$ cat start.cif   # mmCIF, C-alpha atoms
data_coords
#
loop_
_atom_site.label_atom_id
_atom_site.label_comp_id
_atom_site.auth_asym_id
_atom_site.auth_seq_id
_atom_site.Cartn_x
_atom_site.Cartn_y
_atom_site.Cartn_z
CA MET P 1 32.58 22.74 -16.74
CA ARG P 2 31.45 21.96 -20.28
CA ARG P 3 31.69 18.26 -19.61
CA LEU P 4 29.09 18.62 -16.88
CA ILE P 5 26.45 18.94 -19.57
CA TYR P 6 27.10 15.33 -20.45
CA ILE P 7 27.81 14.00 -16.99
CA VAL P 8 24.82 15.45 -15.14
CA PRO P 9 22.05 14.02 -17.37
CA ALA P 10 23.80 10.66 -17.45
CA GLY P 11 24.07 10.74 -13.66
CA VAL P 12 20.40 11.65 -13.28
CA PHE P 13 19.46 8.84 -15.64
CA VAL P 14 21.49 6.30 -13.67
CA LEU P 15 19.92 7.51 -10.42
CA ILE P 16 16.36 7.23 -11.74
CA ALA P 17 17.08 3.88 -13.38
CA GLY P 18 18.41 2.70 -10.01
CA PHE P 19 15.15 3.65 -8.29
CA PHE P 20 13.12 1.89 -10.98
CA LEU P 21 15.29 -1.21 -10.75
CA ALA P 22 14.82 -1.37 -6.99
CA GLY P 23 11.10 -0.76 -7.51
CA LEU P 24 10.84 -3.89 -9.64
CA TYR P 25 11.61 -5.96 -6.58
CA LEU P 26 9.18 -4.25 -4.22
CA LYS P 27 5.80 -5.76 -3.55
CA PRO P 28 3.37 -2.85 -3.52
CA ALA P 29 0.48 -5.20 -2.73
CA GLU P 30 2.05 -5.99 0.63
CA ILE P 31 1.43 -3.22 3.09
CA PRO P 32 3.54 -3.82 6.17
CA THR P 33 1.53 -3.74 9.36
CA VAL P 34 1.97 -0.84 11.75
CA LEU P 35 1.09 -3.14 14.62
CA VAL P 36 4.50 -4.82 14.88
CA ASP P 37 5.76 -4.76 18.47
CA LYS P 38 2.40 -3.46 19.65
CA PRO P 39 0.08 -5.46 21.87
CA VAL P 40 -2.71 -7.28 20.08
CA PRO P 41 -5.73 -4.94 19.95
CA GLU P 42 -8.46 -6.02 22.36
CA PHE P 43 -11.11 -8.27 20.92
CA ASP P 44 -13.38 -11.07 22.00
CA LEU P 45 -14.82 -13.15 19.21
CA PRO P 46 -17.55 -15.75 19.66
CA ALA P 47 -16.81 -19.34 18.71
CA LEU P 48 -17.35 -20.42 15.12
CA ASP P 49 -19.77 -23.09 16.34
CA ALA P 50 -20.37 -25.45 19.25
CA ARG P 51 -17.42 -27.62 18.25
CA THR P 52 -14.79 -25.04 19.08
CA GLN P 53 -14.05 -22.22 21.50
CA GLY P 54 -14.06 -18.53 20.66
CA LEU P 55 -10.95 -16.37 20.53
CA ALA P 56 -10.15 -13.31 22.59
CA SER P 57 -7.04 -11.14 22.70
CA SER P 58 -6.48 -12.41 26.27
CA ASP P 59 -5.84 -15.90 24.83
CA LEU P 60 -2.83 -14.56 22.98
CA SER P 61 -0.30 -14.05 25.73
CA GLY P 62 1.70 -16.42 27.91
CA ALA P 63 2.70 -18.62 25.00
CA VAL P 64 3.83 -18.04 21.45
CA SER P 65 0.76 -18.00 19.26
CA VAL P 66 -0.04 -17.83 15.59
CA VAL P 67 -3.35 -16.43 14.42
CA ASN P 68 -4.43 -17.27 10.90
CA VAL P 69 -7.16 -15.17 9.32
CA PHE P 70 -9.04 -17.42 6.91
CA ALA P 71 -12.31 -17.94 5.07
CA SER P 72 -13.78 -20.79 3.12
CA TRP P 73 -14.31 -18.47 0.13
CA CYS P 74 -10.61 -17.69 0.02
CA LEU P 75 -8.75 -19.80 -2.51
CA PRO P 76 -5.19 -19.04 -1.34
CA CYS P 77 -6.28 -20.23 2.12
CA ARG P 78 -6.77 -23.66 0.62
CA VAL P 79 -3.22 -23.50 -0.74
CA GLU P 80 -1.60 -22.77 2.61
CA HIS P 81 -3.88 -25.06 4.60
CA PRO P 82 -1.67 -28.20 4.51
CA LEU P 83 1.19 -26.15 5.98
CA LEU P 84 -1.04 -25.00 8.82
CA MET P 85 -1.96 -28.63 9.48
CA GLU P 86 1.75 -29.45 9.70
CA LEU P 87 2.41 -26.48 11.95
CA SER P 88 -0.39 -27.56 14.23
CA LYS P 89 0.98 -31.10 14.44
CA ALA P 90 4.47 -29.85 15.25
CA GLY P 91 2.95 -28.38 18.41
CA THR P 92 5.58 -25.66 18.87
CA ILE P 93 3.00 -22.89 19.01
CA ASN P 94 -0.66 -22.33 19.74
CA LEU P 95 -2.42 -22.07 16.42
CA TYR P 96 -5.67 -20.10 16.40
CA GLY P 97 -7.99 -19.10 13.61
CA ILE P 98 -10.08 -16.05 12.89
CA ASN P 99 -12.81 -16.89 10.44
CA TYR P 100 -13.19 -13.70 8.43
CA LYS P 101 -16.58 -12.68 6.98
CA ASN P 102 -17.66 -16.23 6.42
CA LYS P 103 -20.85 -18.18 7.03
CA PRO P 104 -20.12 -20.52 9.95
CA ASP P 105 -21.66 -23.48 8.10
CA ASP P 106 -19.43 -22.88 5.10
CA ALA P 107 -16.38 -22.56 7.32
CA ARG P 108 -17.21 -25.78 9.17
CA GLY P 109 -17.72 -27.67 5.92
CA TRP P 110 -14.36 -26.42 4.71
CA LEU P 111 -12.62 -27.51 7.92
CA ASP P 112 -14.34 -30.92 7.82
CA GLU P 113 -13.06 -31.41 4.31
CA LEU P 114 -9.48 -30.21 4.81
CA GLY P 115 -8.94 -30.78 8.53
CA ASP P 116 -9.10 -28.36 11.44
CA PRO P 117 -5.65 -27.23 12.64
CA PHE P 118 -6.97 -24.58 15.05
CA GLN P 119 -7.20 -24.80 18.83
CA ARG P 120 -9.74 -22.02 18.90
CA ILE P 121 -11.64 -20.27 16.14
CA GLY P 122 -13.20 -16.85 16.54
CA ALA P 123 -15.93 -15.91 14.09
CA ASP P 124 -15.44 -12.39 12.76
CA LEU P 125 -18.73 -12.24 10.91
CA ASP P 126 -18.71 -8.54 10.01
CA GLY P 127 -14.93 -8.15 9.69
CA ARG P 128 -14.66 -5.54 12.43
CA VAL P 129 -11.95 -7.34 14.38
CA GLY P 130 -10.19 -7.76 11.05
CA ILE P 131 -10.17 -3.98 10.68
CA ASP P 132 -8.83 -3.52 14.21
CA LEU P 133 -6.03 -5.92 13.30
CA GLY P 134 -5.34 -4.07 10.05
CA VAL P 135 -6.37 -7.04 7.93
CA TYR P 136 -6.99 -6.04 4.34
CA GLY P 137 -7.24 -9.42 2.69
CA VAL P 138 -7.22 -13.08 3.50
CA PRO P 139 -5.19 -15.04 4.29
CA GLU P 140 -3.08 -13.10 6.73
CA THR P 141 -1.18 -14.69 9.58
CA PHE P 142 -0.06 -13.00 12.79
CA PHE P 143 2.84 -14.21 14.90
CA ILE P 144 2.52 -13.19 18.51
CA GLY P 145 5.14 -13.44 21.23
CA ARG P 146 4.64 -14.62 24.81
CA ASP P 147 4.28 -10.99 25.83
CA GLY P 148 1.14 -10.74 23.71
CA ARG P 149 2.78 -8.41 21.22
CA ILE P 150 2.53 -8.85 17.47
CA LYS P 151 5.95 -9.74 16.10
CA TYR P 152 5.22 -10.27 12.44
CA LYS P 153 2.38 -10.42 9.99
CA HIS P 154 2.51 -12.63 6.95
CA ILE P 155 0.40 -11.34 4.07
CA GLY P 156 -1.00 -13.82 1.58
CA PRO P 157 -0.69 -17.58 1.58
CA ILE P 158 2.25 -19.15 3.37
CA THR P 159 4.36 -21.11 0.92
CA VAL P 160 6.78 -23.93 1.68
CA GLU P 161 9.60 -21.46 1.04
CA ASP P 162 8.13 -18.88 3.45
CA MET P 163 7.82 -21.62 6.03
CA GLU P 164 11.46 -22.67 5.81
CA ARG P 165 13.01 -19.25 5.33
CA ARG P 166 11.00 -17.01 7.54
CA ILE P 167 8.43 -18.71 9.69
CA ARG P 168 10.24 -21.65 11.25
CA PRO P 169 13.25 -19.49 12.26
CA LEU P 170 10.87 -16.88 13.66
CA ILE P 171 8.96 -19.43 15.72
CA GLU P 172 12.24 -20.82 17.04
CA LYS P 173 13.34 -17.34 18.02
CA LEU P 174 10.05 -16.53 19.71
CA ASN P 175 10.13 -19.82 21.60
CA GLN P 176 13.56 -19.20 23.09
CA MET E 1 -20.15 2.76 -41.93
CA ARG E 2 -22.80 0.81 -40.14
CA THR E 3 -20.30 -0.47 -37.55
CA PHE E 4 -18.99 3.05 -37.18
CA LEU E 5 -22.46 4.35 -36.38
CA ALA E 6 -23.07 1.49 -33.97
CA THR E 7 -19.80 2.24 -32.21
CA LEU E 8 -20.63 5.93 -32.06
CA LEU E 9 -24.03 5.15 -30.61
CA PHE E 10 -22.49 2.86 -28.03
CA VAL E 11 -19.89 5.44 -27.02
CA CYS E 12 -22.59 8.09 -26.65
CA ALA E 13 -24.70 5.74 -24.57
CA VAL E 14 -21.78 4.97 -22.29
CA LEU E 15 -20.86 8.63 -21.92
CA SER E 16 -24.42 9.67 -21.09
CA MET E 17 -24.72 7.20 -18.24
CA THR E 18 -24.36 8.84 -14.87
CA PRO E 19 -21.69 7.02 -12.93
CA ALA E 20 -23.21 5.14 -10.01
CA THR E 21 -21.26 5.98 -6.90
CA ALA E 22 -20.20 3.15 -4.68
CA PHE E 23 -22.00 4.95 -1.91
CA GLU E 24 -25.34 3.85 -3.26
CA ILE E 25 -24.90 0.41 -1.69
CA ASP E 26 -24.45 2.03 1.71
CA GLN E 27 -26.93 3.07 4.30
CA PRO E 28 -26.47 6.86 4.42
CA LEU E 29 -26.56 8.78 7.67
CA ASP E 30 -29.79 10.60 8.50
CA ASP E 31 -28.06 13.91 9.10
CA PRO E 32 -27.07 15.26 5.65
CA ALA E 33 -24.25 17.35 7.11
CA LEU E 34 -22.67 14.33 8.80
CA GLU E 35 -23.23 12.24 5.67
CA GLN E 36 -21.45 14.91 3.61
CA ARG E 37 -18.53 14.85 6.04
CA ALA E 38 -18.39 11.05 5.82
CA ARG E 39 -18.32 11.21 2.04
CA ASP E 40 -15.68 13.93 1.89
CA LEU E 41 -13.53 12.09 4.39
CA SER E 42 -13.94 8.80 2.53
CA ARG E 43 -12.39 10.41 -0.53
CA SER E 44 -9.12 10.86 1.37
CA PHE E 45 -8.64 7.22 2.37
CA ARG E 46 -7.04 4.64 0.18
CA CYS E 47 -8.82 1.37 -0.46
CA LEU E 48 -6.12 -1.08 0.61
CA VAL E 49 -7.32 -3.75 -1.77
CA CYS E 50 -7.42 -1.68 -4.96
CA GLN E 51 -4.72 0.73 -3.75
CA ASN E 52 -5.18 3.62 -6.13
CA GLN E 53 -8.86 4.15 -5.47
CA SER E 54 -10.31 5.88 -2.48
CA ILE E 55 -12.68 3.94 -0.26
CA PHE E 56 -15.32 6.35 -1.56
CA ASP E 57 -14.86 5.09 -5.11
CA SER E 58 -14.29 1.43 -4.42
CA ASP E 59 -16.74 -1.45 -4.32
CA ALA E 60 -14.32 -3.78 -2.57
CA SER E 61 -15.90 -5.29 0.50
CA LEU E 62 -13.16 -3.85 2.71
CA ALA E 63 -13.92 -0.39 1.32
CA ILE E 64 -17.59 -0.84 2.16
CA ASP E 65 -16.63 -1.88 5.70
CA LEU E 66 -14.27 1.07 6.05
CA ARG E 67 -16.95 3.50 4.90
CA ARG E 68 -19.17 2.09 7.61
CA VAL E 69 -16.38 2.59 10.13
CA VAL E 70 -15.94 6.21 8.98
CA ARG E 71 -19.68 6.83 9.46
CA GLU E 72 -19.65 5.19 12.87
CA ARG E 73 -16.71 7.27 14.05
CA ILE E 74 -18.39 10.47 12.84
CA VAL E 75 -21.65 9.57 14.58
CA ALA E 76 -19.62 8.80 17.71
CA GLY E 77 -18.48 12.43 17.59
CA ASP E 78 -14.94 12.04 16.22
CA SER E 79 -13.33 14.98 14.47
CA ASP E 80 -11.98 14.42 10.96
CA ALA E 81 -8.47 14.17 12.43
CA GLN E 82 -9.62 11.54 14.91
CA VAL E 83 -11.18 9.41 12.19
CA GLU E 84 -7.95 9.69 10.27
CA GLN E 85 -5.98 8.65 13.33
CA PHE E 86 -8.29 5.70 13.87
CA LEU E 87 -7.52 4.31 10.43
CA VAL E 88 -3.82 5.19 10.49
CA ALA E 89 -3.45 3.29 13.77
CA ARG E 90 -4.70 0.18 11.98
CA TYR E 91 -3.41 0.49 8.45
CA GLY E 92 -0.54 2.98 8.68
CA ASP E 93 0.04 6.16 6.68
CA TYR E 94 -0.55 4.13 3.55
CA VAL E 95 -4.29 4.42 4.11
CA LEU E 96 -4.02 8.18 3.46
CA LEU E 97 -4.15 9.11 -0.20
CA LYS E 98 -2.28 12.31 0.64
CA PRO E 99 0.96 11.41 2.40
CA PRO E 100 1.50 13.34 5.64
CA LEU E 101 4.33 15.87 5.89
CA LYS E 102 6.98 14.49 8.23
CA PRO E 103 10.75 13.98 8.17
CA LYS E 104 10.37 10.63 6.41
CA THR E 105 8.41 12.24 3.57
CA TYR E 106 10.38 15.50 3.17
CA LEU E 107 12.12 14.12 0.09
CA LEU E 108 8.77 13.16 -1.40
CA TRP E 109 7.25 16.58 -0.81
CA PHE E 110 10.27 18.79 -1.50
CA GLY E 111 12.15 16.58 -3.98
CA PRO E 112 10.46 18.16 -7.02
CA LEU E 113 11.27 21.66 -5.73
CA LEU E 114 14.87 20.59 -5.20
CA ILE E 115 15.13 19.17 -8.70
CA GLY E 116 13.51 22.32 -10.12
CA ALA E 117 15.98 24.53 -8.26
CA LEU E 118 18.91 22.46 -9.52
CA ALA E 119 17.59 22.71 -13.07
CA VAL E 120 17.22 26.51 -12.83
CA MET E 121 20.74 26.79 -11.46
CA GLY E 122 22.02 24.62 -14.29
CA VAL E 123 20.32 26.78 -16.91
CA PHE E 124 21.74 29.96 -15.35
CA ALA E 125 25.23 28.52 -15.21
CA TYR E 126 24.96 27.46 -18.84
CA PHE E 127 23.86 30.85 -20.13
CA ARG E 128 26.38 32.71 -18.04
CA GLY E 129 29.16 30.57 -19.55
CA GLN E 130 27.71 31.21 -22.99
CA ARG E 131 27.70 34.99 -22.48
CA ALA E 132 31.22 35.04 -21.06
CA ARG E 133 32.43 33.22 -24.11
CA ALA E 134 30.54 35.53 -26.48
CA ALA E 135 31.93 38.69 -24.77
CA THR E 136 35.56 37.77 -25.25
CA PRO E 137 36.07 35.84 -28.46
CA ALA E 138 39.07 33.58 -28.42
CA PRO E 139 42.17 35.16 -29.99
CA LEU E 140 42.87 34.07 -33.54
CA SER E 141 45.31 31.26 -34.01
CA ALA E 142 48.41 31.87 -36.19
CA ASP E 143 46.72 30.04 -39.07
CA GLU E 144 43.58 32.12 -38.88
CA ARG E 145 45.61 35.30 -38.62
CA ALA E 146 47.53 34.39 -41.82
CA ARG E 147 44.29 33.61 -43.69
CA LEU E 148 42.71 36.85 -42.53
CA ASP E 149 45.75 38.85 -43.59
CA ALA E 150 45.69 37.18 -46.99
CA LEU E 151 42.00 37.97 -47.46
CA LEU E 152 42.47 41.57 -46.42
CA GLU E 153 45.36 41.92 -48.80
CA ASP E 154 43.29 40.55 -51.70
CA GLU E 155 40.71 43.14 -51.00
CA SER E 156 43.15 46.05 -50.92
CA ASP E 157 44.53 44.91 -54.31
CA THR E 158 41.28 45.39 -56.17
#
$ encode --input "start.cif" --output "structure tokens"
Amino acid sequence: MRRLIYIVPAGVFVLIAGFFLAGLYLKPAEIPTVLVDKPVPEFDLPALDARTQGLASSDLSGAVSVVNVFASWCLPCRVEHPLLMELSKAGTINLYGINYKNKPDDARGWLDELGDPFQRIGADLDGRVGIDLGVYGVPETFFIGRDGRIKYKHIGPITVEDMERRIRPLIEKLNQ
Amino acid sequence: MRTFLATLLFVCAVLSMTPATAFEIDQPLDDPALEQRARDLSRSFRCLVCQNQSIFDSDASLAIDLRRVVRERIVAGDSDAQVEQFLVARYGDYVLLKPPLKPKTYLLWFGPLLIGALAVMGVFAYFRGQRARAATPAPLSADERARLDALLEDESDT
């Protein structure tokens, strides 16, 4: 009984330290989407400009699709852009873009400079579709199954490691 | 001394400024009652970019957009609960600064009570043990008995 006085505080300490240790590896900036396994919310965005087609939620079923939310003012978007170009060339999925709160001219200039990987680009000028999709920052990338349901959302720029570890296997799985 | 006065002056100047609310960039609703509801409600939603600020307090562009959404929903006739639901459906419970009470959050809400109860029980157990020990002192060991006898004897000699 007397020994409890030593054991209990030590036990409590270990427990709390365990929580803190686990907390070090969490990413509080990444808020998981509540839309996983839900159908894509309805939207119909006009085209960015005359050189592309707009994007509607009805375009996102029947085939595996990836929707990248981007903007020319977003620096991390520039970082992940080469990987999107590669993904587009691989041709395993339909890659679409949502241009988030961006001037169409700026977005077009950006795409002319870096290349345009997108089959369609919807212009979300006021960010309302972004809100319906639960977007809280750019870039974000949605992976959508043939059934038109959101399977995964990647928050932040896609890195080479993300591509190999998470995204390629996911695309393979969705394509089966 | 001079720098001290300058610092003091600066601090006073800063303190006397009235904080500009983020709401001043917004277009307020015409109906003051609805506007008040929008403001009160905005205080309960987390800005997802800054995370520990409400959308009421934040200047992040997403917060500005979300305040507009809150106003629109209120004008559309939503109840406070419906506005809340609207945002939770998009951003999850995380958008609420006050976590909802549900099985997943019981530990969060009742954990402190549980820990408090355990602590009170511990304190009680400790003092009860203490009192039990004080009530019945341990019998003297043979050594102690001999010393006590010797002392008592000394005393009776004098």
$ residues_near_point --input "start.cif" --point "(-10.1, -31.8, 5.9)" --cutoff "12 Å" --atoms "all atoms listed in the file" --output "PDB file with C-alpha atoms, in the frame of the given file"
ATOM      1  CA  SER P  72     -13.780 -20.790   3.120  1.00  0.00           C
ATOM      2  CA  ARG P  78      -6.770 -23.660   0.620  1.00  0.00           C
ATOM      3  CA  HIS P  81      -3.880 -25.060   4.600  1.00  0.00           C
ATOM      4  CA  PRO P  82      -1.670 -28.200   4.510  1.00  0.00           C
ATOM      5  CA  LEU P  84      -1.040 -25.000   8.820  1.00  0.00           C
ATOM      6  CA  MET P  85      -1.960 -28.630   9.480  1.00  0.00           C
ATOM      7  CA  ALA P 107     -16.380 -22.560   7.320  1.00  0.00           C
ATOM      8  CA  ARG P 108     -17.210 -25.780   9.170  1.00  0.00           C
ATOM      9  CA  GLY P 109     -17.720 -27.670   5.920  1.00  0.00           C
ATOM     10  CA  TRP P 110     -14.360 -26.420   4.710  1.00  0.00           C
ATOM     11  CA  LEU P 111     -12.620 -27.510   7.920  1.00  0.00           C
ATOM     12  CA  ASP P 112     -14.340 -30.920   7.820  1.00  0.00           C
ATOM     13  CA  GLU P 113     -13.060 -31.410   4.310  1.00  0.00           C
ATOM     14  CA  LEU P 114      -9.480 -30.210   4.810  1.00  0.00           C
ATOM     15  CA  GLY P 115      -8.940 -30.780   8.530  1.00  0.00           C
ATOM     16  CA  ASP P 116      -9.100 -28.360  11.440  1.00  0.00           C
ATOM     17  CA  PRO P 117      -5.650 -27.230  12.640  1.00  0.00           C
TER      18      PRO P 117
END
$ resolve_selection --input "start.cif" --expression "the PyMOL selection byres ((chain P and resi 158-170) around 12)" --output "PyMOL selection string"
chain P and resi 64-66+68-70+76-84+86-87+90+92-93+138-145+151-157+171-176
$ atom_distance --input "start.cif" --atom1 "CA of Ile98 (chain P)" --atom2 "CA of Leu55 (chain P)"
7.7 Å
$ resolve_selection --input "start.cif" --expression "the PyMOL selection byres ((chain P) within 8 of (chain E))" --output "list of chain:residue names"
P:Ala29, P:Ile31, P:Thr33, P:Val34, P:Leu35, P:Gly127, P:Arg128, P:Ile131, P:Asp132, P:Leu133, P:Gly134, P:Tyr136, P:Gly137
$ atom_distance --input "start.cif" --atom1 "CA of Arg128 (chain E)" --atom2 "CA of Leu4 (chain P)"
14.4 Å
$ atom_distance --input "start.cif" --atom1 "CA of Leu95 (chain P)" --atom2 "CA of Asp59 (chain P)"
11.0 Å
$ resolve_selection --input "start.cif" --expression "the PyMOL selection byres ((chain P and resi 103) around 10)" --output "list of chain:residue names"
P:Leu48, P:Ala71, P:Ser72, P:Trp73, P:Asn99, P:Tyr100, P:Lys101, P:Asn102, P:Pro104, P:Asp105, P:Asp106, P:Ala107, P:Arg108, P:Ala123, P:Asp124, P:Leu125
$ residues_near_point --input "start.cif" --point "(-14.5, -22.9, 16.3)" --cutoff "6 Å" --atoms "all atoms listed in the file" --output "ChimeraX atom specification"
/P:47-49,51-53,120-121
$ residues_around --input "start.cif" --residues "Arg73 (chain E)" --least-positions-apart "5" --cutoff "9 Å" --atoms "only C-alpha atoms" --output "list of chain:residue names"
E:Arg68, E:Asp78, E:Ser79, E:Gln82, E:Val83, E:Phe86
$ write_last_selection --input "start.cif" --atoms "C-alpha atoms" --output "compact mmCIF listing (two decimals), in the frame of the given file"
# COMPACT_ATOMS: atom_id res chain seq x y z
CA ARG E 68 -19.17 2.09 7.61
CA ASP E 78 -14.94 12.04 16.22
CA SER E 79 -13.33 14.98 14.47
CA GLN E 82 -9.62 11.54 14.91
CA VAL E 83 -11.18 9.41 12.19
CA PHE E 86 -8.29 5.70 13.87
$ residues_around --input "start.cif" --residues "region 11-21 of chain P" --least-positions-apart "4" --cutoff "12 Å" --atoms "all atoms listed in the file" --output "list in words"
Leu4, Ile5, Tyr6, Ile7, Tyr25 and Leu26 of chain P; Ile115, Leu118 and Ala119 of chain E
$ closest_residue --input "start.cif" --among "P:Val67, P:Lys38, P:Gly122, P:Ala22" --to "Ala50 (chain P)" --atoms "only C-alpha atoms"
P:Gly122
$ build_atoms --input "start.cif" --residues "region 62-78 of chain E" --atoms "N, CA and C atoms" --output "mmCIF file, keeping the file's coordinate frame"
data_model
loop_
_atom_site.group_PDB
_atom_site.id
_atom_site.type_symbol
_atom_site.label_atom_id
_atom_site.label_comp_id
_atom_site.auth_asym_id
_atom_site.auth_seq_id
_atom_site.Cartn_x
_atom_site.Cartn_y
_atom_site.Cartn_z
ATOM 1 N N LEU E 62 -13.867 -4.566 1.637
ATOM 2 C CA LEU E 62 -13.160 -3.850 2.710
ATOM 3 C C LEU E 62 -13.480 -2.354 2.665
ATOM 4 N N ALA E 63 -13.602 -1.816 1.452
ATOM 5 C CA ALA E 63 -13.920 -0.390 1.320
ATOM 6 C C ALA E 63 -15.307 -0.106 1.891
ATOM 7 N N ILE E 64 -16.239 -1.007 1.623
ATOM 8 C CA ILE E 64 -17.590 -0.840 2.160
ATOM 9 C C ILE E 64 -17.538 -0.848 3.687
ATOM 10 N N ASP E 65 -16.777 -1.803 4.236
ATOM 11 C CA ASP E 65 -16.630 -1.880 5.700
ATOM 12 C C ASP E 65 -15.995 -0.611 6.255
ATOM 13 N N LEU E 66 -14.969 -0.117 5.549
ATOM 14 C CA LEU E 66 -14.270 1.070 6.050
ATOM 15 C C LEU E 66 -15.164 2.303 5.982
ATOM 16 N N ARG E 67 -16.004 2.364 4.958
ATOM 17 C CA ARG E 67 -16.950 3.500 4.900
ATOM 18 C C ARG E 67 -17.898 3.445 6.088
ATOM 19 N N ARG E 68 -18.280 2.230 6.451
ATOM 20 C CA ARG E 68 -19.170 2.090 7.610
ATOM 21 C C ARG E 68 -18.443 2.558 8.870
ATOM 22 N N VAL E 69 -17.167 2.171 8.965
ATOM 23 C CA VAL E 69 -16.380 2.590 10.130
ATOM 24 C C VAL E 69 -16.298 4.116 10.187
ATOM 25 N N VAL E 70 -16.039 4.740 9.026
ATOM 26 C CA VAL E 70 -15.940 6.210 8.980
ATOM 27 C C VAL E 70 -17.247 6.819 9.484
ATOM 28 N N ARG E 71 -18.383 6.309 9.021
ATOM 29 C CA ARG E 71 -19.680 6.830 9.460
ATOM 30 C C ARG E 71 -19.860 6.645 10.962
ATOM 31 N N GLU E 72 -19.486 5.461 11.431
ATOM 32 C CA GLU E 72 -19.650 5.190 12.870
ATOM 33 C C GLU E 72 -18.819 6.148 13.720
ATOM 34 N N ARG E 73 -17.576 6.381 13.275
ATOM 35 C CA ARG E 73 -16.710 7.270 14.050
ATOM 36 C C ARG E 73 -17.292 8.692 14.051
ATOM 37 N N ILE E 74 -17.824 9.111 12.922
ATOM 38 C CA ILE E 74 -18.390 10.470 12.840
ATOM 39 C C ILE E 74 -19.618 10.583 13.740
ATOM 40 N N VAL E 75 -20.465 9.557 13.718
ATOM 41 C CA VAL E 75 -21.650 9.570 14.580
ATOM 42 C C VAL E 75 -21.210 9.566 16.048
ATOM 43 N N ALA E 76 -20.105 8.861 16.329
ATOM 44 C CA ALA E 76 -19.620 8.800 17.710
ATOM 45 C C ALA E 76 -19.012 10.138 18.150
ATOM 46 N N GLY E 77 -18.931 11.089 17.227
ATOM 47 C CA GLY E 77 -18.480 12.430 17.590
ATOM 48 C C GLY E 77 -17.007 12.689 17.316
ATOM 49 N N ASP E 78 -16.358 11.826 16.539
ATOM 50 C CA ASP E 78 -14.940 12.040 16.220
ATOM 51 C C ASP E 78 -14.781 13.241 15.282
#
